[in-house]
Amino acid sequence: MSAASWAPLTPAERAVAIEVLTHGPISRTEIARRLDLSAGSLTRLTKPLIESGLLIEGPAPVTTAAARQGRPSQPLDIVADSRYFAGFKITADAVYGVVTTLKSDIVADRTVPLHTHDPDQVADLLHTMTEEFTAAFPRLSGIGVGVGGHLDSRAGDSGAGGTPAGGGHAGTVSSPFLGWRSVPFADLLAQRTGLPVVVENDVAALIEAEAWFGAGRGLDRFAVLTIGAGIGYGLVIGGQLVRTPESDHGIGPRWIVSQNGPLTPDGDRGSVVSFLAIPSIRYQVRAATGRDHTYDEILALAAAGDPMPARVLDEAARALGTVVAQIANFAMPQKILLAGEGVGLVDVAGPAIEEAIRANRDPFAAPVPLETKISDFNDWARGAAVLAIQILVLGRPEV
């Protein structure tokens with residue numbers, strides 16, 4: 001199956017394929033119910049998908065004697081290894097690369113130090129990594145890149161943008177972490193690799209991956225808060241990430257929790273970033289103790305009862321609980337996912353978080369459905385790979 005083999009699919013065939021991709025293995029009965037199709041229509045639509053090698057029929061599940069009186073339903077699933085995708089997360093000092101299957105399972109990864117931020121040289125590095133991935137996985141069909149920054153223009157009305165094979169994102173990307181301003185990075189990489197390339201804000205990429213294949217799978221309203229070097233937030237409604245022109249600029253520095261809160265190293269006070277971002281927490285502990293500690297060391301010191309780290313983390317936990325309550329009050333999601341390398345805070349100061357949530361919610365409100373996921377940089381790279389998967393399966397046009 002070639003990278004363009006989804007292009008001839010009719011909208012109805014594509015809808016069936018996406019339903020199986022994001023929810024499979026899934027029974028024909030359930031697909032028909034979800035898409036409001038008759039059994040005959042579903043049979044007609046799935047036949048070419050099975051014949052092309054995109055879908056596969058799984059073994060019928062074990063059923064009761066009563067259920068076996070009828071014909072058992074064979075669940076449908078995507079042939080996950082029919083295509084592979086590369087995802088890259090670019091940080092200030094390294095590139096994290098992964099290869100995923102069509103179902104976003106990571107099958108290979110590599111980390112390479114980044115010694116320059118020159119866009120052409122970074123594109124050369126990703127080209128080399130892509131060649132190595134392609135040698136091991138010849139059916140590599142697309143590339144996604146996640147950066148901490150914003151797109152100066154994006155494709156379509158929602159989701160990540162992309163082009164047919166050999167094309168890149170028509171927009172440009174700016175990243176304060178890399179010193180980039182209006183860099184056409186997707187085009188630079190597409191020209192080198194000949195593959196479809198999409199570049200996206202790294203938080204948006206992670207949220208798309210969780211919405212399609214992770215914590216938000218099957219949910220209509222789903223929120224994500226990421227805690228790490230910065231703070232990210234996104235809301236998914238009806239399977240679509242809500243976007244505004246300001247989406248990629250980061251709302252953390254302007255999301256004020258308390259006007260009397262701590263300062264960031266940049267002099268901002270009382271924001272989500274000043275309370276929760278890892279550099280801010282390290283800054284506060286260093287200012288109070290005169291000693292520099294890693295974030296993990298601060299967590300361990302607080303857990304052991306060291307007064308100053310414990311105080312800083314207690315304030316961070318109460319700020320986090322306040323923010324979670326605000327998201328629940330106004331966005332009313334079915335679930336809130338806390339992700340990123342900073343969510344170890346939940347393990348150390350969980351009771352303070354829960355207390356702050358209760359204090360900022362109506363006493364009769366339902367409990368906030370909260371899930372945590374410590375995400376390493378390979379998870380962020382996987383999110384970028386999911387963007388490449390979306391370009392293939394959604395058939396988004398050139399932009």
# chains A, B, ... in the order shown; residues from 1 in each chain; ligands from 1
>>> select_by_dssp(residues="range 125-266 of chain A", states="strand (DSSP E)", output="number ranges by chain")
A: 140-147, 150-151, 173-175, 180-183, 197-201, 221-227, 231-237, 240-241
>>> residues_around(residues="Ala356 in chain A", least_positions_apart="2", cutoff="10 Å", atoms="only C-alpha atoms", output="MDAnalysis selection string")
chainID A and resid 317:325 351:354 358:361
>>> write_last_selection(atoms="N, CA, C and O atoms", output="short mmCIF file (atom, residue, chain, number, x, y, z; two decimals), in the first residue's frame")
data_model
loop_
_atom_site.label_atom_id
_atom_site.label_comp_id
_atom_site.auth_asym_id
_atom_site.auth_seq_id
_atom_site.Cartn_x
_atom_site.Cartn_y
_atom_site.Cartn_z
N ALA A 317 1.33 22.75 44.12
CA ALA A 317 0.22 21.80 44.11
C ALA A 317 -1.11 22.51 44.26
O ALA A 317 -2.10 22.18 43.58
N ARG A 318 -1.17 23.50 45.13
CA ARG A 318 -2.43 24.23 45.32
C ARG A 318 -2.77 25.06 44.08
O ARG A 318 -3.94 25.20 43.73
N ALA A 319 -1.74 25.58 43.43
CA ALA A 319 -1.98 26.28 42.17
C ALA A 319 -2.50 25.32 41.11
O ALA A 319 -3.43 25.65 40.36
N LEU A 320 -1.92 24.12 41.04
CA LEU A 320 -2.37 23.14 40.08
C LEU A 320 -3.81 22.74 40.34
O LEU A 320 -4.63 22.65 39.41
N GLY A 321 -4.16 22.51 41.60
CA GLY A 321 -5.54 22.18 41.92
C GLY A 321 -6.50 23.29 41.53
O GLY A 321 -7.60 23.03 41.03
N THR A 322 -6.09 24.54 41.73
CA THR A 322 -6.92 25.68 41.34
C THR A 322 -7.14 25.70 39.83
O THR A 322 -8.26 25.91 39.34
N VAL A 323 -6.07 25.46 39.08
CA VAL A 323 -6.17 25.47 37.61
C VAL A 323 -7.04 24.32 37.11
O VAL A 323 -7.88 24.51 36.22
N VAL A 324 -6.86 23.14 37.69
CA VAL A 324 -7.69 22.00 37.30
C VAL A 324 -9.16 22.31 37.56
O VAL A 324 -10.03 22.02 36.72
N ALA A 325 -9.46 22.91 38.71
CA ALA A 325 -10.84 23.27 39.02
C ALA A 325 -11.38 24.30 38.03
O ALA A 325 -12.55 24.23 37.59
N PRO A 351 -2.51 15.20 47.92
CA PRO A 351 -3.57 15.70 48.81
C PRO A 351 -3.79 17.21 48.70
O PRO A 351 -4.94 17.67 48.76
N ALA A 352 -2.72 17.99 48.55
CA ALA A 352 -2.88 19.44 48.41
C ALA A 352 -3.59 19.78 47.11
O ALA A 352 -4.39 20.72 47.06
N ILE A 353 -3.30 19.04 46.06
CA ILE A 353 -3.99 19.27 44.78
C ILE A 353 -5.48 19.00 44.93
O ILE A 353 -6.33 19.81 44.52
N GLU A 354 -5.81 17.87 45.54
CA GLU A 354 -7.22 17.51 45.72
C GLU A 354 -7.94 18.52 46.60
O GLU A 354 -9.10 18.88 46.32
N ARG A 358 -11.23 20.82 45.40
CA ARG A 358 -12.50 20.89 46.14
C ARG A 358 -12.83 22.32 46.55
O ARG A 358 -13.99 22.74 46.50
N ALA A 359 -11.81 23.08 46.94
CA ALA A 359 -12.05 24.45 47.40
C ALA A 359 -12.53 25.37 46.28
O ALA A 359 -13.16 26.39 46.54
N ASN A 360 -12.24 25.00 45.04
CA ASN A 360 -12.59 25.85 43.90
C ASN A 360 -13.71 25.27 43.04
O ASN A 360 -13.95 25.74 41.92
N ARG A 361 -14.39 24.25 43.57
CA ARG A 361 -15.53 23.64 42.87
C ARG A 361 -16.78 23.75 43.74
O ARG A 361 -16.70 23.83 44.97
#
>>> closest_atom_pairs(of="range 161-276 of chain A", to="range 80-95 of chain A", cutoff="9 Å", atoms="only C-alpha atoms", output="Markdown table")
| residue | atom | partner | partner_atom | distance |
| --- | --- | --- | --- | --- |
| A:Phe177 | CA | A:Ala92 | CA | 5.8 |
| A:Leu178 | CA | A:Ala92 | CA | 5.9 |
| A:Asp202 | CA | A:Lys89 | CA | 7.3 |
>>> write_last_selection(atoms="all heavy atoms", output="PDB file, in the first residue's frame")
ATOM      1  N   PHE A 177      12.704  28.915  21.602  1.00  0.00           N
ATOM      2  CA  PHE A 177      13.692  27.974  22.120  1.00  0.00           C
ATOM      3  C   PHE A 177      14.829  27.751  21.128  1.00  0.00           C
ATOM      4  O   PHE A 177      15.952  27.441  21.517  1.00  0.00           O
ATOM      5  CB  PHE A 177      13.034  26.633  22.443  1.00  0.00           C
ATOM      6  CG  PHE A 177      11.945  26.730  23.475  1.00  0.00           C
ATOM      7  CD1 PHE A 177      10.607  26.713  23.111  1.00  0.00           C
ATOM      8  CD2 PHE A 177      12.253  26.859  24.826  1.00  0.00           C
ATOM      9  CE1 PHE A 177       9.606  26.809  24.059  1.00  0.00           C
ATOM     10  CE2 PHE A 177      11.261  26.960  25.779  1.00  0.00           C
ATOM     11  CZ  PHE A 177       9.929  26.934  25.404  1.00  0.00           C
ATOM     12  N   LEU A 178      14.518  27.893  19.835  1.00  0.00           N
ATOM     13  CA  LEU A 178      15.511  27.641  18.794  1.00  0.00           C
ATOM     14  C   LEU A 178      16.016  28.927  18.141  1.00  0.00           C
ATOM     15  O   LEU A 178      16.915  28.872  17.301  1.00  0.00           O
ATOM     16  CB  LEU A 178      14.909  26.729  17.714  1.00  0.00           C
ATOM     17  CG  LEU A 178      14.428  25.359  18.191  1.00  0.00           C
ATOM     18  CD1 LEU A 178      13.686  24.634  17.072  1.00  0.00           C
ATOM     19  CD2 LEU A 178      15.586  24.510  18.702  1.00  0.00           C
ATOM     20  N   ASP A 202       4.475  21.565  19.646  1.00  0.00           N
ATOM     21  CA  ASP A 202       4.631  20.250  20.266  1.00  0.00           C
ATOM     22  C   ASP A 202       3.486  19.895  21.202  1.00  0.00           C
ATOM     23  O   ASP A 202       3.104  18.721  21.312  1.00  0.00           O
ATOM     24  CB  ASP A 202       5.973  20.143  20.986  1.00  0.00           C
ATOM     25  CG  ASP A 202       6.226  21.274  21.979  1.00  0.00           C
ATOM     26  OD1 ASP A 202       5.354  22.157  22.129  1.00  0.00           O
ATOM     27  OD2 ASP A 202       7.302  21.288  22.599  1.00  0.00           O
TER      28      ASP A 202
END
>>> residues_around(residues="Ala381 in chain A", least_positions_apart="4", cutoff="8 Å", atoms="only C-alpha atoms", output="PyMOL selection string")
chain A and resi 87-89+96-98+145-146+377+385
>>> residues_around(residues="Val183 in chain A", least_positions_apart="5", cutoff="9 Å", atoms="only C-alpha atoms", output="ChimeraX atom specification")
/A:119,171-175,188
